[in-house]
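Asker: Enclosed is the structure file data-v7.pdb (PDB, C-alpha atoms, pLDDT in the B column).
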ATOM      1  CA  PRO A   1     131.112  92.848  94.159  1.00 64.00           C
ATOM      2  CA  CYS A   2     127.707  94.535  94.120  1.00 75.00           C
ATOM      3  CA  MET A   3     125.776  97.151  92.188  1.00 79.00           C
ATOM      4  CA  VAL A   4     124.119 100.020  94.057  1.00 79.00           C
ATOM      5  CA  CYS A   5     121.180 101.467  92.080  1.00 79.00           C
ATOM      6  CA  LEU A   6     119.396 104.714  92.863  1.00 76.00           C
ATOM      7  CA  ASP A   7     116.648 106.835  91.366  1.00 75.00           C
ATOM      8  CA  GLY A   8     118.112 109.276  88.892  1.00 69.00           C
ATOM      9  CA  PHE A   9     117.046 112.925  89.353  1.00 67.00           C
ATOM     10  CA  PHE A  10     115.202 112.186  92.620  1.00 67.00           C
ATOM     11  CA  LEU A  11     118.388 111.187  94.432  1.00 73.00           C
ATOM     12  CA  SER A  12     121.267 111.959  92.091  1.00 74.00           C
ATOM     13  CA  HIS A  13     120.177 115.587  91.577  1.00 75.00           C
ATOM     14  CA  SER A  14     118.936 116.416  95.060  1.00 76.00           C
ATOM     15  CA  MET A  15     120.537 117.459  98.339  1.00 78.00           C
ATOM     16  CA  GLN A  16     120.059 115.796 101.695  1.00 78.00           C
ATOM     17  CA  LYS A  17     122.055 115.465 104.876  1.00 84.00           C
ATOM     18  CA  VAL A  18     123.797 112.127 105.237  1.00 83.00           C
ATOM     19  CA  ARG A  19     125.630 110.462 108.080  1.00 84.00           C
ATOM     20  CA  VAL A  20     129.044 109.275 106.974  1.00 89.00           C
ATOM     21  CA  ALA A  21     131.015 106.859 109.124  1.00 91.00           C
ATOM     22  CA  GLU A  22     134.581 107.620 110.119  1.00 93.00           C
ATOM     23  CA  GLN A  23     137.102 106.167 107.693  1.00 94.00           C
ATOM     24  CA  ALA A  24     138.564 103.863 110.326  1.00 95.00           C
ATOM     25  CA  GLU A  25     135.099 102.478 111.146  1.00 94.00           C
ATOM     26  CA  ALA A  26     134.320 101.890 107.463  1.00 93.00           C
ATOM     27  CA  ASP A  27     137.674 100.182 106.913  1.00 94.00           C
ATOM     28  CA  ALA A  28     137.092  97.913 109.912  1.00 94.00           C
ATOM     29  CA  PHE A  29     133.662  96.920 108.583  1.00 94.00           C
ATOM     30  CA  ILE A  30     134.718  96.316 104.973  1.00 91.00           C
ATOM     31  CA  GLY A  31     138.017  94.678 105.789  1.00 91.00           C
ATOM     32  CA  PRO A  32     141.257  94.738 103.792  1.00 90.00           C
ATOM     33  CA  TYR A  33     141.066  94.587 100.015  1.00 84.00           C
ATOM     34  CA  ARG A  34     142.217  91.281  98.604  1.00 84.00           C
ATOM     35  CA  ARG A  35     142.532  91.220  94.847  1.00 80.00           C
ATOM     36  CA  HIS A  36     141.888  88.044  92.926  1.00 78.00           C
ATOM     37  CA  ASN A  37     141.610  87.518  89.168  1.00 76.00           C
ATOM     38  CA  SER A  38     141.218  90.978  87.656  1.00 78.00           C
ATOM     39  CA  TYR A  39     142.525  94.158  89.235  1.00 82.00           C
ATOM     40  CA  ILE A  40     143.778  97.628  88.382  1.00 81.00           C
ATOM     41  CA  ASP A  41     147.292  98.419  89.541  1.00 85.00           C
ATOM     42  CA  PRO A  42     149.538 100.837  87.617  1.00 90.00           C
ATOM     43  CA  GLU A  43     152.564  99.109  89.136  1.00 92.00           C
ATOM     44  CA  ASP A  44     151.397  95.756  87.798  1.00 89.00           C
ATOM     45  CA  PRO A  45     149.461  96.384  84.535  1.00 89.00           C
ATOM     46  CA  MET A  46     147.442  93.648  82.932  1.00 85.00           C
ATOM     47  CA  ILE A  47     145.305  93.140  79.827  1.00 83.00           C
ATOM     48  CA  VAL A  48     141.719  91.913  80.359  1.00 78.00           C
ATOM     49  CA  ASN A  49     140.009  90.239  77.426  1.00 77.00           C
ATOM     50  CA  ASN A  50     136.253  90.827  77.635  1.00 77.00           C
ATOM     51  CA  LEU A  51     135.540  87.928  75.258  1.00 83.00           C
ATOM     52  CA  THR A  52     134.551  84.645  76.920  1.00 83.00           C
ATOM     53  CA  SER A  53     134.767  81.562  74.738  1.00 86.00           C
ATOM     54  CA  SER A  54     132.041  78.939  74.536  1.00 88.00           C
ATOM     55  CA  ASP A  55     134.352  76.530  76.380  1.00 87.00           C
ATOM     56  CA  GLU A  56     134.088  78.654  79.545  1.00 88.00           C
ATOM     57  CA  PHE A  57     130.873  80.670  79.294  1.00 90.00           C
ATOM     58  CA  THR A  58     128.497  78.059  80.731  1.00 93.00           C
ATOM     59  CA  GLU A  59     130.786  77.345  83.674  1.00 93.00           C
ATOM     60  CA  MET A  60     131.184  81.069  84.354  1.00 89.00           C
ATOM     61  CA  ARG A  61     127.429  81.605  84.381  1.00 92.00           C
ATOM     62  CA  TYR A  62     127.024  78.658  86.734  1.00 95.00           C
ATOM     63  CA  GLN A  63     129.491  80.234  89.151  1.00 93.00           C
ATOM     64  CA  GLN A  64     127.581  83.524  88.970  1.00 91.00           C
ATOM     65  CA  SER A  65     124.314  81.698  89.692  1.00 93.00           C
ATOM     66  CA  ARG A  66     125.872  80.048  92.735  1.00 94.00           C
ATOM     67  CA  GLY A  67     127.153  83.440  93.851  1.00 92.00           C
ATOM     68  CA  PHE A  68     123.697  85.038  93.692  1.00 91.00           C
ATOM     69  CA  ALA A  69     122.192  82.154  95.666  1.00 90.00           C
ATOM     70  CA  ALA A  70     124.860  82.533  98.335  1.00 92.00           C
ATOM     71  CA  ALA A  71     124.417  86.321  98.435  1.00 92.00           C
ATOM     72  CA  ALA A  72     120.772  85.920  99.441  1.00 88.00           C
ATOM     73  CA  GLU A  73     121.893  84.244 102.665  1.00 86.00           C
ATOM     74  CA  VAL A  74     124.874  86.501 103.340  1.00 93.00           C
ATOM     75  CA  MET A  75     123.057  89.827 102.877  1.00 93.00           C
ATOM     76  CA  GLU A  76     120.998  89.607 106.066  1.00 91.00           C
ATOM     77  CA  GLU A  77     124.116  88.631 108.026  1.00 93.00           C
ATOM     78  CA  VAL A  78     125.947  91.687 106.705  1.00 94.00           C
ATOM     79  CA  PHE A  79     122.944  93.926 107.407  1.00 94.00           C
ATOM     80  CA  THR A  80     122.916  92.681 111.003  1.00 94.00           C
ATOM     81  CA  GLU A  81     126.619  93.405 111.427  1.00 95.00           C
ATOM     82  CA  PHE A  82     126.114  96.852 109.857  1.00 95.00           C
ATOM     83  CA  GLN A  83     123.362  97.658 112.370  1.00 95.00           C
ATOM     84  CA  GLU A  84     125.517  96.547 115.295  1.00 95.00           C
ATOM     85  CA  ARG A  85     128.396  98.753 114.156  1.00 94.00           C
ATOM     86  CA  PHE A  86     126.577 101.847 112.894  1.00 93.00           C
ATOM     87  CA  GLY A  87     123.101 101.694 114.466  1.00 93.00           C
ATOM     88  CA  ARG A  88     121.201 101.776 111.163  1.00 92.00           C
ATOM     89  CA  GLU A  89     118.870  98.941 110.210  1.00 93.00           C
ATOM     90  CA  HIS A  90     118.589  97.509 106.701  1.00 92.00           C
ATOM     91  CA  HIS A  91     116.859  94.465 105.226  1.00 94.00           C
ATOM     92  CA  VAL A  92     116.285  93.024 101.753  1.00 95.00           C
ATOM     93  CA  VAL A  93     112.624  94.106 102.123  1.00 97.00           C
ATOM     94  CA  GLU A  94     111.003  96.769 104.297  1.00 97.00           C
ATOM     95  CA  PRO A  95     107.407  96.036 105.385  1.00 97.00           C
ATOM     96  CA  TYR A  96     105.258  98.957 106.533  1.00 98.00           C
ATOM     97  CA  ARG A  97     101.929  98.496 108.343  1.00 97.00           C
ATOM     98  CA  LEU A  98     101.312  95.048 106.872  1.00 97.00           C
ATOM     99  CA  GLU A  99      99.922  93.392 110.009  1.00 94.00           C
ATOM    100  CA  ASP A 100      96.274  93.675 108.925  1.00 95.00           C
ATOM    101  CA  ALA A 101      96.717  95.101 105.418  1.00 96.00           C
ATOM    102  CA  LYS A 102      94.267  93.876 102.788  1.00 94.00           C
ATOM    103  CA  THR A 103      95.761  96.052 100.050  1.00 93.00           C
ATOM    104  CA  VAL A 104      99.537  96.405  99.730  1.00 96.00           C
ATOM    105  CA  LEU A 105     101.475  98.876  97.593  1.00 94.00           C
ATOM    106  CA  VAL A 106     104.680  97.143  96.503  1.00 96.00           C
ATOM    107  CA  THR A 107     107.379  99.653  95.622  1.00 93.00           C
ATOM    108  CA  ILE A 108     111.071  99.945  94.926  1.00 90.00           C
ATOM    109  CA  GLY A 109     113.298 102.962  95.417  1.00 86.00           C
ATOM    110  CA  SER A 110     112.454 106.467  96.582  1.00 84.00           C
ATOM    111  CA  MET A 111     108.712 106.311  95.789  1.00 85.00           C
ATOM    112  CA  ALA A 112     108.267 104.105  98.869  1.00 90.00           C
ATOM    113  CA  GLY A 113     108.222 107.262 100.997  1.00 89.00           C
ATOM    114  CA  THR A 114     105.214 108.633  99.108  1.00 87.00           C
ATOM    115  CA  ALA A 115     103.514 105.236  99.312  1.00 90.00           C
ATOM    116  CA  LYS A 116     103.922 105.181 103.107  1.00 94.00           C
ATOM    117  CA  TYR A 117     102.443 108.672 103.379  1.00 91.00           C
ATOM    118  CA  VAL A 118      99.427 107.649 101.291  1.00 90.00           C
ATOM    119  CA  ALA A 119      98.992 104.475 103.348  1.00 93.00           C
ATOM    120  CA  ASP A 120      98.903 106.548 106.543  1.00 95.00           C
ATOM    121  CA  ARG A 121      96.254 108.878 105.128  1.00 92.00           C
ATOM    122  CA  LEU A 122      94.132 105.974 103.887  1.00 91.00           C
ATOM    123  CA  ARG A 123      94.477 104.315 107.304  1.00 94.00           C
ATOM    124  CA  GLU A 124      92.948 107.432 108.826  1.00 93.00           C
ATOM    125  CA  GLN A 125      89.927 106.751 106.619  1.00 91.00           C
ATOM    126  CA  GLY A 126      89.647 103.203 107.947  1.00 93.00           C
ATOM    127  CA  GLN A 127      91.226 101.465 104.949  1.00 92.00           C
ATOM    128  CA  HIS A 128      93.640  98.607 105.628  1.00 94.00           C
ATOM    129  CA  VAL A 129      96.553  99.604 103.400  1.00 94.00           C
ATOM    130  CA  GLY A 130     100.228  98.744 103.802  1.00 96.00           C
ATOM    131  CA  VAL A 131     103.480  99.106 101.876  1.00 97.00           C
ATOM    132  CA  LEU A 132     106.210  96.648 100.976  1.00 98.00           C
ATOM    133  CA  LYS A 133     109.466  98.185  99.769  1.00 97.00           C
ATOM    134  CA  ILE A 134     111.793  95.961  97.755  1.00 96.00           C
ATOM    135  CA  VAL A 135     115.396  96.811  98.658  1.00 94.00           C
ATOM    136  CA  SER A 136     117.260  94.012  96.888  1.00 93.00           C
ATOM    137  CA  PHE A 137     116.176  93.349  93.308  1.00 93.00           C
ATOM    138  CA  ARG A 138     118.947  90.828  92.664  1.00 92.00           C
ATOM    139  CA  PRO A 139     118.885  88.392  94.288  1.00 93.00           C
ATOM    140  CA  PHE A 140     115.121  88.882  94.468  1.00 95.00           C
ATOM    141  CA  PRO A 141     113.755  88.149  97.994  1.00 95.00           C
ATOM    142  CA  TYR A 142     110.882  85.952  96.811  1.00 95.00           C
ATOM    143  CA  ARG A 143     110.582  84.020 100.082  1.00 94.00           C
ATOM    144  CA  GLN A 144     110.245  87.190 102.143  1.00 96.00           C
ATOM    145  CA  VAL A 145     107.761  88.705  99.674  1.00 97.00           C
ATOM    146  CA  ALA A 146     105.551  85.609  99.777  1.00 96.00           C
ATOM    147  CA  ALA A 147     105.630  85.467 103.583  1.00 96.00           C
ATOM    148  CA  LEU A 148     104.803  89.161 104.054  1.00 97.00           C
ATOM    149  CA  LEU A 149     101.976  89.244 101.488  1.00 96.00           C
ATOM    150  CA  LYS A 150     100.351  85.901 102.309  1.00 95.00           C
ATOM    151  CA  ASN A 151      97.375  87.542 104.080  1.00 94.00           C
ATOM    152  CA  ALA A 152      96.802  90.315 101.531  1.00 95.00           C
ATOM    153  CA  GLU A 153      93.874  90.327  99.111  1.00 94.00           C
ATOM    154  CA  HIS A 154      95.300  92.829  96.611  1.00 93.00           C
ATOM    155  CA  ALA A 155      98.832  93.867  95.701  1.00 94.00           C
ATOM    156  CA  ALA A 156      99.628  96.849  93.495  1.00 92.00           C
ATOM    157  CA  VAL A 157     103.165  96.693  92.144  1.00 94.00           C
ATOM    158  CA  LEU A 158     104.507 100.118  91.194  1.00 90.00           C
ATOM    159  CA  ASP A 159     107.322  99.974  88.646  1.00 88.00           C
ATOM    160  CA  ARG A 160     109.673 102.594  87.250  1.00 83.00           C
ATOM    161  CA  SER A 161     110.299 100.488  84.153  1.00 83.00           C
ATOM    162  CA  ALA A 162     107.757  99.865  81.421  1.00 82.00           C
ATOM    163  CA  GLY A 163     108.984  96.319  80.698  1.00 84.00           C
ATOM    164  CA  LEU A 164     108.724  96.824  76.952  1.00 88.00           C
ATOM    165  CA  GLY A 165     107.859  93.661  75.077  1.00 91.00           C
ATOM    166  CA  ALA A 166     107.159  91.661  78.235  1.00 90.00           C
ATOM    167  CA  GLN A 167     103.857  90.713  79.827  1.00 90.00           C
ATOM    168  CA  GLY A 168     104.517  93.282  82.529  1.00 90.00           C
ATOM    169  CA  ALA A 169     107.165  95.415  84.185  1.00 92.00           C
ATOM    170  CA  PRO A 170     110.169  93.806  85.934  1.00 93.00           C
ATOM    171  CA  VAL A 171     109.148  94.108  89.592  1.00 95.00           C
ATOM    172  CA  TRP A 172     105.570  93.008  88.818  1.00 94.00           C
ATOM    173  CA  LEU A 173     106.854  89.891  87.058  1.00 96.00           C
ATOM    174  CA  GLU A 174     109.014  88.984  90.059  1.00 96.00           C
ATOM    175  CA  VAL A 175     106.199  89.546  92.559  1.00 96.00           C
ATOM    176  CA  CYS A 176     103.817  87.452  90.459  1.00 95.00           C
ATOM    177  CA  ALA A 177     106.346  84.626  90.422  1.00 95.00           C
ATOM    178  CA  ALA A 178     106.803  84.880  94.197  1.00 95.00           C
ATOM    179  CA  LEU A 179     103.033  84.792  94.813  1.00 94.00           C
ATOM    180  CA  GLN A 180     102.078  82.122  92.289  1.00 90.00           C
ATOM    181  CA  SER A 181      99.178  79.885  93.373  1.00 81.00           C
ATOM    182  CA  MET A 182      98.484  82.070  96.436  1.00 90.00           C
ATOM    183  CA  GLY A 183      95.216  83.539  95.128  1.00 88.00           C
ATOM    184  CA  ILE A 184      96.286  87.180  95.541  1.00 89.00           C
ATOM    185  CA  ASN A 185      95.164  89.763  93.008  1.00 88.00           C
ATOM    186  CA  VAL A 186      98.459  91.253  91.748  1.00 91.00           C
ATOM    187  CA  ARG A 187      98.266  94.234  89.410  1.00 88.00           C
ATOM    188  CA  GLY A 188     101.142  96.167  87.883  1.00 87.00           C
ATOM    189  CA  TYR A 189     101.197  99.925  87.311  1.00 80.00           C
ATOM    190  CA  THR A 190     103.617 102.134  85.426  1.00 76.00           C
ATOM    191  CA  PRO A 191     101.473 105.187  84.611  1.00 56.00           C
ATOM    192  CA  SER A 192     104.080 107.532  86.022  1.00 57.00           C
ATOM    193  CA  GLY A 193     107.519 107.475  87.552  1.00 57.00           C
ATOM    194  CA  ILE A 194     109.638 106.884  84.444  1.00 60.00           C
ATOM    195  CA  PHE A 195     112.677 109.105  83.883  1.00 51.00           C
ATOM    196  CA  SER A 196     112.225 112.381  85.821  1.00 54.00           C
ATOM    197  CA  ARG A 197     108.492 112.034  86.490  1.00 60.00           C
ATOM    198  CA  THR A 198     107.643 111.258  90.078  1.00 64.00           C
ATOM    199  CA  TRP A 199     104.961 109.083  91.633  1.00 61.00           C
ATOM    200  CA  ARG A 200     102.592 111.572  93.204  1.00 64.00           C
ATOM    201  CA  LYS A 201     100.197 111.011  96.099  1.00 65.00           C
ATOM    202  CA  ARG A 202      97.194 111.155  93.790  1.00 68.00           C
ATOM    203  CA  THR A 203      98.750 108.395  91.653  1.00 69.00           C
ATOM    204  CA  HIS A 204      99.022 106.092  94.662  1.00 62.00           C
ATOM    205  CA  ARG A 205      95.396 106.827  95.617  1.00 68.00           C
ATOM    206  CA  TYR A 206      94.278 106.151  92.031  1.00 66.00           C
ATOM    207  CA  VAL A 207      96.034 102.770  92.065  1.00 67.00           C
ATOM    208  CA  LYS A 208      94.500 101.829  95.398  1.00 66.00           C
ATOM    209  CA  ASN A 209      91.008 102.813  94.258  1.00 69.00           C
ATOM    210  CA  ARG A 210      91.438 100.822  91.053  1.00 68.00           C
ATOM    211  CA  LEU A 211      92.304  97.724  93.085  1.00 65.00           C
ATOM    212  CA  GLY A 212      89.316  98.230  95.340  1.00 58.00           C
ATOM    213  CA  SER A 213      86.952  98.255  92.374  1.00 49.00           C
ATOM    214  CA  ILE A 214      88.248  94.941  90.942  1.00 43.00           C
TER     215      ILE A 214
END
What do you get writing this file as structure tokens?
Answerer:
Amino acid sequence: PCMVCLDGFFLSHSMQKVRVAEQAEADAFIGPYRRHNSYIDPEDPMIVNNLTSSDEFTEMRYQQSRGFAAAAEVMEEVFTEFQERFGREHHVVEPYRLEDAKTVLVTIGSMAGTAKYVADRLREQGQHVGVLKIVSFRPFPYRQVAALLKNAEHAAVLDRSAGLGAQGAPVWLEVCAALQSMGINVRGYTPSGIFSRTWRKRTHRYVKNRLGSI
């Protein structure tokens, strides 16, 4: 099982052409459905108790932890198979112009497109700016993030969540953990982009200029 998250309003309330695979191709890729513990079948009804006792909760959480660890390895294999079948490339992270980037905008979701546009414009001005888009938040690709940002001097993490009550927003906290002891200046920003407000080009430029002055 997996959870597919998208940006509300920006994607859920907008229109765009999509390429949909033929049903037979999708079925061949996904494979036949094999039900296990819990399932919904009107011909075979069952009652599911959502209460987990203390005798089983720890063991259940351990199994979930093992599942997330295994998913981190399986995801790239599935992405590779998906590309071979459908010709579209996906990865747990998407680096953009990071080869010589000194400042990197770390994003998640649809605002990555605006970040790439701003990086291109700043490149035209001679500034070494790149973008790292986080595709998988859980499991978090901390190894890939550390490898791709190892040569950066500054990283601006742009969140769509305020992280109320925490030291920072969720993506910033994960990036900081991935880059611990690497000597990279990591700053988090959530001045815009919550609910229906979008990250605008001027916001990206403001963040980059703030990093350059630190």
Asker: I'd like the interatomic distance between CA of Phe140 in chain A and CA of Ala178 in chain A, to a tenth of an Å.
Answerer: 9.2 Å
Asker: Any idea what the distance is between CA of Ala70 in chain A and CA of Ala166 in chain A?
Answerer: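 For CA of Ala70 in chain A relative to CA of Ala166 in chain A, the distance reads 28.3 Å.
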Asker: What does the structure give for the distance between CA of Ala162 in chain A and CA of Tyr189 in chain A, in Å to one decimal?
Answerer: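 CA of Tyr189 in chain A lies at a distance of 8.8 Å from CA of Ala162 in chain A.
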Asker: Would you please work out which residue, of A:His91, A:Ala21, A:Asn151, A:Leu179, is nearest to Glu73 in chain A when using all atoms listed in the file?
Answerer: A:His91
Asker: Assuming the chain letters and numbering stay as they are in my file, what does the PyMOL selection byres ((chain A and resi 76-84) around 12) actually select? List them as JSON, numbers by chain.
Answerer: {"A": [21, 25, 26, 28, 29, 30, 70, 71, 72, 73, 74, 75, 85, 86, 87, 88, 89, 90, 91, 92, 93, 135, 136, 141, 144]}
Asker: Can those selected residues be exported to a file as a compact mmCIF listing (two decimals), keeping the file's coordinate frame so that it contains C-alpha atoms?
Answerer:
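The new file selection02.txt reads:
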# COMPACT_ATOMS: atom_id res chain seq x y z
CA ALA A 21 131.01 106.86 109.12
CA GLU A 25 135.10 102.48 111.15
CA ALA A 26 134.32 101.89 107.46
CA ALA A 28 137.09 97.91 109.91
CA PHE A 29 133.66 96.92 108.58
CA ILE A 30 134.72 96.32 104.97
CA ALA A 70 124.86 82.53 98.34
CA ALA A 71 124.42 86.32 98.44
CA ALA A 72 120.77 85.92 99.44
CA GLU A 73 121.89 84.24 102.66
CA VAL A 74 124.87 86.50 103.34
CA MET A 75 123.06 89.83 102.88
CA ARG A 85 128.40 98.75 114.16
CA PHE A 86 126.58 101.85 112.89
CA GLY A 87 123.10 101.69 114.47
CA ARG A 88 121.20 101.78 111.16
CA GLU A 89 118.87 98.94 110.21
CA HIS A 90 118.59 97.51 106.70
CA HIS A 91 116.86 94.46 105.23
CA VAL A 92 116.28 93.02 101.75
CA VAL A 93 112.62 94.11 102.12
CA VAL A 135 115.40 96.81 98.66
CA SER A 136 117.26 94.01 96.89
CA PRO A 141 113.76 88.15 97.99
CA GLN A 144 110.24 87.19 102.14
Asker: Give me, as a count of residues only, all polymer residues having an atom no more than 10 Å from Val104 in chain A, counting only C-alpha atoms and skipping those fewer than 5 positions away in the same chain.
Answerer: 22
Asker: Quick one: residues within 12 Å of Ser38 in chain A, all atoms listed in the file, excluding same-chain residues fewer than 2 positions away - as a list of chain:residue names?
Answerer: A:Arg34, A:Arg35, A:His36, A:Ile40, A:Asp41, A:Asp44, A:Pro45, A:Met46, A:Ile47, A:Val48, A:Asn49, A:Asn50
Asker: Using all atoms listed in the file, find the one residue out of A:Ala146, A:Leu173, A:Gln167, A:Asp159 that sits nearest to Thr190 in chain A.
Answerer: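 Counting all atoms listed in the file, the residue closest to Thr190 in chain A is A:Asp159.
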Asker: Could you check the closest approach to Gly183 in chain A for each of A:Leu164, A:Met3, A:Ser53, A:Lys150 and tell me which residue wins, using only C-alpha atoms?
Answerer: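 Nearest candidate to Gly183 in chain A out of A:Leu164, A:Met3, A:Ser53, A:Lys150: A:Lys150.
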Asker: Can you pull out every residue within 9 Å of Gln127 in chain A, counting only C-alpha atoms, but drop anything in the same chain fewer than 4 positions away, and send it as a PyMOL selection string?
Answerer: chain A and resi 101-103+119+121-123
Asker: Would you place a box with edges along x, y and z of the file around all atoms of range 10-18 of chain A listed there, add 5 Å to each of its six sides, and report the centre and edge lengths in Å to one decimal, as AutoDock Vina command-line options?
Answerer:
--center_x 119.5 --center_y 114.3 --center_z 98.4 --size_x 18.6 --size_y 16.3 --size_z 23.7
